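First comes the structure, then the notes that go with it.
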Amino acid sequence: MLPENHLWFTEYHAPGGMAQSWLLEAEKIDARRSPYQHIEIYQTASFGKLMAIDGCVMLTTRDNFLYHEMMTHPALFSHADPQHVAIIGGGDCGALLEVLKHATVQQVTQIDIDEQVTRLAEIHFPELTQSNDDARASLLFDDGLAWIRNAESNSLDVIIIDSTDPIGPAEGLFGPAFIADCYRALKPQGVIVQQSESPLIHQPLIKGIRGNMRAAGFGDLRTLGFPQPCYPSGWWSATLGSKGAGSLDEFRYDDAINKAFATLYYNADLHRGALAEPTFLRDGISD
Ligand code: AG3
């Protein structure tokens, strides 16, 4: 039975002709209009808190672990010794939290254009921002495109692109020039990972992301799918590229088995399984 005067938050995915709604416990509980976007926080009845940017769900308390673990651990375990990491976007700090779990990591720089995303995450998702004062972490509120463009060549081991959809402030992060700059900023064995939307409804975009990575010089590419109930179609992906000659199949499986930290979704066998691309996706994105 629905409560009386029930309230819902709905994300409309107009191009896909669908929408998804969450029953709310109250009206919007917080919101900020930054120079870049409109950020809103809702208290849902079953997914905890929900952050939306310009009407699109960014994360919920209940299921953000899926996305944040899959945006980080496969890339970090695909690198032999990840020490220097950059996160482009990621203002809610969920990816940062996962990266800091790796003892090899000496420095993580997070560059999100919008400080307000982090300020709201500190208030409403403190479980994600709890490691922000780790001495290895630097939080910059700046343009990630420019930061990567100006980054020293061969200076990073892993670049994580945890962006919004490719409209609005994040558009340039899906362009070839930015990915070429990432390639240059990575060390010879570097690994890139970019959030690449839904395998079911964004195949042309995924193909474009892979085309950018291929054109930049990345050798092996892999699109890892994972469930993400709060995003359109309930299914999402992360596309990995390796700068070195090695195959992404050769990740540090034993280290992933023996990892000294807890995860809820990621594990070594899950990682291995996620490397197998579904047939329709493999066909749809092949170049
Ligand atoms: N990154 C946003 C993924 C895009 C979601 N799209 C949508 N709901 N239409 C999430 C940031 C989490 N750190």
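Residues in the structure tokens are named by chain (A, B, ... in the order shown) and by number from 1 within that chain; ligands are numbered from 1 in the order shown.
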Within 9 Å of ligand 1, which residues of chain A show up? Give each one with its shortest atom-to-atom distance in Å (one decimal) and the two atoms involved, counting only C-alpha atoms and all ligand atoms, rows by chain then rising residue number, as a Markdown table.
| residue | atom | partner | partner_atom_place_in_ligand_line | distance |
| --- | --- | --- | --- | --- |
| A:Glu11 | CA | ligand 1 | 8 (N) | 7.3 |
| A:Tyr12 | CA | ligand 1 | 9 (N) | 8.4 |
| A:His13 | CA | ligand 1 | 9 (N) | 6.9 |
| A:Ala52 | CA | ligand 1 | 8 (N) | 7.7 |
| A:Ile53 | CA | ligand 1 | 8 (N) | 8.4 |
| A:Gly55 | CA | ligand 1 | 8 (N) | 8.0 |
| A:Cys56 | CA | ligand 1 | 8 (N) | 4.2 |
| A:Val57 | CA | ligand 1 | 8 (N) | 4.0 |
| A:Met58 | CA | ligand 1 | 10 (C) | 4.3 |
| A:Leu59 | CA | ligand 1 | 12 (C) | 5.7 |
| A:Asn64 | CA | ligand 1 | 12 (C) | 7.2 |
| A:Tyr67 | CA | ligand 1 | 12 (C) | 7.2 |
| A:His68 | CA | ligand 1 | 13 (N) | 6.6 |
| A:Met71 | CA | ligand 1 | 13 (N) | 8.9 |
| A:Gly89 | CA | ligand 1 | 13 (N) | 7.7 |
| A:Gly90 | CA | ligand 1 | 13 (N) | 4.7 |
| A:Gly91 | CA | ligand 1 | 13 (N) | 6.7 |
| A:Asp92 | CA | ligand 1 | 13 (N) | 5.6 |
| A:Cys93 | CA | ligand 1 | 13 (N) | 6.7 |
| A:Gly94 | CA | ligand 1 | 13 (N) | 5.7 |
| A:Ala95 | CA | ligand 1 | 13 (N) | 6.3 |
| A:Asp162 | CA | ligand 1 | 1 (N) | 5.6 |
| A:Ser163 | CA | ligand 1 | 1 (N) | 4.9 |
| A:Thr164 | CA | ligand 1 | 2 (C) | 4.1 |
| A:Asp165 | CA | ligand 1 | 4 (C) | 5.0 |
| A:Pro166 | CA | ligand 1 | 4 (C) | 8.6 |
| A:Gln195 | CA | ligand 1 | 3 (C) | 6.8 |
| A:Ser196 | CA | ligand 1 | 3 (C) | 8.2 |
| A:Glu197 | CA | ligand 1 | 4 (C) | 6.4 |
| A:Ser198 | CA | ligand 1 | 6 (N) | 8.8 |
| A:Cys230 | CA | ligand 1 | 8 (N) | 6.9 |
| A:Tyr231 | CA | ligand 1 | 8 (N) | 4.5 |
| A:Pro232 | CA | ligand 1 | 9 (N) | 5.9 |
| A:Trp236 | CA | ligand 1 | 3 (C) | 8.4 |
Can you pull out the residues contacting segment 168-179 of chain A? Cut-off 10 Å, using only C-alpha atoms, and skip same-chain residues under 2 positions away; I want them as a VMD selection string. chain A and resid 36 to 37 54 88 to 89 113 to 114 143 to 146 148 to 149 161 to 166 181 to 185 192 194 to 196 205 to 206 208 to 218
List every residue of segment 124-222 of chain A that DSSP, applied to the backbone, labels as strand (DSSP E), and write the result as a ChimeraX atom specification. /A:137-141,156-162,186-195,221-222
Residues of segment 100-215 of chain A in alpha helix (DSSP H), written as number ranges by chain: A: 115-124, 126-129, 144-150, 176-185, 203-215
For the selection just defined, write its residues with N, CA and C atoms to a file, as a compact mmCIF listing (two decimals), in the first residue's frame.
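Listed below is the output, result-v3.txt:
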# COMPACT_ATOMS: atom_id res chain seq x y z
N GLU A 115 32.57 22.14 -6.80
CA GLU A 115 32.80 21.94 -5.36
C GLU A 115 31.51 21.58 -4.62
N GLN A 116 30.38 22.05 -5.13
CA GLN A 116 29.11 21.83 -4.41
C GLN A 116 28.74 20.35 -4.35
N VAL A 117 29.18 19.56 -5.33
CA VAL A 117 28.90 18.11 -5.29
C VAL A 117 29.58 17.51 -4.06
N THR A 118 30.81 17.90 -3.83
CA THR A 118 31.55 17.38 -2.67
C THR A 118 30.95 17.89 -1.36
N ARG A 119 30.58 19.16 -1.35
CA ARG A 119 30.01 19.71 -0.10
C ARG A 119 28.70 18.99 0.26
N LEU A 120 27.89 18.69 -0.74
CA LEU A 120 26.64 17.97 -0.45
C LEU A 120 26.91 16.52 -0.09
N ALA A 121 27.92 15.91 -0.70
CA ALA A 121 28.26 14.53 -0.35
C ALA A 121 28.74 14.45 1.10
N GLU A 122 29.50 15.47 1.53
CA GLU A 122 29.98 15.47 2.93
C GLU A 122 28.81 15.46 3.91
N ILE A 123 27.74 16.16 3.54
CA ILE A 123 26.58 16.23 4.43
C ILE A 123 25.71 14.97 4.33
N HIS A 124 25.47 14.50 3.10
CA HIS A 124 24.45 13.46 2.91
C HIS A 124 25.01 12.06 2.65
N PRO A 126 28.24 10.86 4.10
CA PRO A 126 29.52 10.96 4.83
C PRO A 126 30.31 9.65 4.76
N GLU A 127 29.62 8.54 4.52
CA GLU A 127 30.33 7.25 4.41
C GLU A 127 31.25 7.24 3.19
N LEU A 128 30.99 8.10 2.20
CA LEU A 128 31.85 8.15 1.01
C LEU A 128 32.98 9.16 1.15
N THR A 129 32.81 10.13 2.01
CA THR A 129 33.83 11.19 2.12
C THR A 129 34.73 10.97 3.35
N GLY A 144 38.73 19.48 -15.22
CA GLY A 144 39.52 18.27 -15.44
C GLY A 144 40.17 18.21 -16.81
N LEU A 145 39.50 18.79 -17.81
CA LEU A 145 40.08 18.82 -19.16
C LEU A 145 41.40 19.56 -19.16
N ALA A 146 41.36 20.75 -18.54
CA ALA A 146 42.57 21.58 -18.51
C ALA A 146 43.63 20.94 -17.62
N TRP A 147 43.20 20.33 -16.52
CA TRP A 147 44.17 19.71 -15.61
C TRP A 147 44.97 18.61 -16.31
N ILE A 148 44.23 17.77 -17.04
CA ILE A 148 44.92 16.68 -17.77
C ILE A 148 45.78 17.26 -18.89
N ARG A 149 45.27 18.28 -19.56
CA ARG A 149 46.05 18.90 -20.65
C ARG A 149 47.38 19.41 -20.12
N ASN A 150 47.37 19.95 -18.90
CA ASN A 150 48.59 20.54 -18.33
C ASN A 150 49.39 19.55 -17.49
N PRO A 176 37.77 13.06 -28.24
CA PRO A 176 39.07 12.44 -28.54
C PRO A 176 40.27 13.21 -28.00
N ALA A 177 40.17 14.56 -27.95
CA ALA A 177 41.34 15.35 -27.52
C ALA A 177 41.66 15.06 -26.05
N PHE A 178 40.62 14.96 -25.24
CA PHE A 178 40.83 14.69 -23.81
C PHE A 178 41.46 13.30 -23.60
N ILE A 179 40.96 12.33 -24.34
CA ILE A 179 41.48 10.96 -24.17
C ILE A 179 42.95 10.89 -24.64
N ALA A 180 43.25 11.64 -25.70
CA ALA A 180 44.65 11.69 -26.15
C ALA A 180 45.53 12.34 -25.08
N ASP A 181 45.00 13.36 -24.42
CA ASP A 181 45.77 14.00 -23.33
C ASP A 181 45.97 13.02 -22.17
N CYS A 182 44.95 12.20 -21.90
CA CYS A 182 45.09 11.19 -20.84
C CYS A 182 46.20 10.21 -21.19
N TYR A 183 46.21 9.81 -22.43
CA TYR A 183 47.24 8.85 -22.89
C TYR A 183 48.63 9.42 -22.63
N ARG A 184 48.80 10.67 -22.98
CA ARG A 184 50.10 11.33 -22.81
C ARG A 184 50.47 11.43 -21.32
N ALA A 185 49.48 11.70 -20.48
CA ALA A 185 49.76 11.89 -19.04
C ALA A 185 50.06 10.57 -18.33
N GLN A 203 25.06 1.97 -26.86
CA GLN A 203 26.14 1.32 -27.62
C GLN A 203 26.93 2.26 -28.54
N PRO A 204 26.25 3.17 -29.26
CA PRO A 204 27.04 4.08 -30.11
C PRO A 204 28.04 4.90 -29.29
N LEU A 205 27.62 5.30 -28.08
CA LEU A 205 28.51 6.06 -27.23
C LEU A 205 29.71 5.21 -26.80
N ILE A 206 29.43 3.97 -26.43
CA ILE A 206 30.52 3.07 -26.00
C ILE A 206 31.50 2.86 -27.16
N LYS A 207 30.93 2.72 -28.33
CA LYS A 207 31.79 2.55 -29.51
C LYS A 207 32.66 3.79 -29.72
N GLY A 208 32.06 4.96 -29.49
CA GLY A 208 32.81 6.21 -29.62
C GLY A 208 33.93 6.31 -28.59
N ILE A 209 33.63 5.91 -27.35
CA ILE A 209 34.64 5.94 -26.28
C ILE A 209 35.80 5.02 -26.65
N ARG A 210 35.46 3.84 -27.13
CA ARG A 210 36.50 2.89 -27.52
C ARG A 210 37.29 3.40 -28.72
N GLY A 211 36.60 4.07 -29.65
CA GLY A 211 37.28 4.65 -30.81
C GLY A 211 38.28 5.71 -30.37
N ASN A 212 37.86 6.54 -29.40
CA ASN A 212 38.77 7.57 -28.87
C ASN A 212 40.00 6.93 -28.23
N MET A 213 39.76 5.87 -27.47
CA MET A 213 40.88 5.22 -26.77
C MET A 213 41.83 4.57 -27.77
N ARG A 214 41.25 3.90 -28.76
CA ARG A 214 42.05 3.25 -29.80
C ARG A 214 42.88 4.31 -30.54
N ALA A 215 42.22 5.42 -30.93
CA ALA A 215 42.91 6.47 -31.70
C ALA A 215 44.04 7.09 -30.88
Within 9 Å of Val158 of chain A, counting only C-alpha atoms, which residues qualify if same-chain residues fewer than 5 places away don't, as a PyMOL selection string? chain A and resi 75-76+79+82-87+186-187+190-193
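Interatomic distance, atom CA of Pro227 of chain A to atom CA of Arg282 of chain A: 17.7 Å.
Using only C-alpha atoms, the nearest neighbour of Asp63 of chain A within the list A:Phe125, A:Phe47, A:Phe141, A:Tyr42 is A:Phe47.
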Which is closer to Ser138 of chain A than all the others in A:Ala276, A:Leu100, A:Leu224, A:Ala260, using only C-alpha atoms? A:Leu100
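Closest approach to Leu270 of chain A among A:Asn154, A:His73, A:Leu200, A:Ala245: A:His73, based on only C-alpha atoms.
Nearest residue to Trp8 of chain A, choosing from A:Gln43, A:Ser286, A:His38, A:Arg32 and counting only C-alpha atoms: A:Gln43.
For the residues A:Ser21, A:Ser153, A:Ser78, A:Thr263, ranking by smallest atom-to-atom distance to Leu275 of chain A using only C-alpha atoms places A:Ser78 first.
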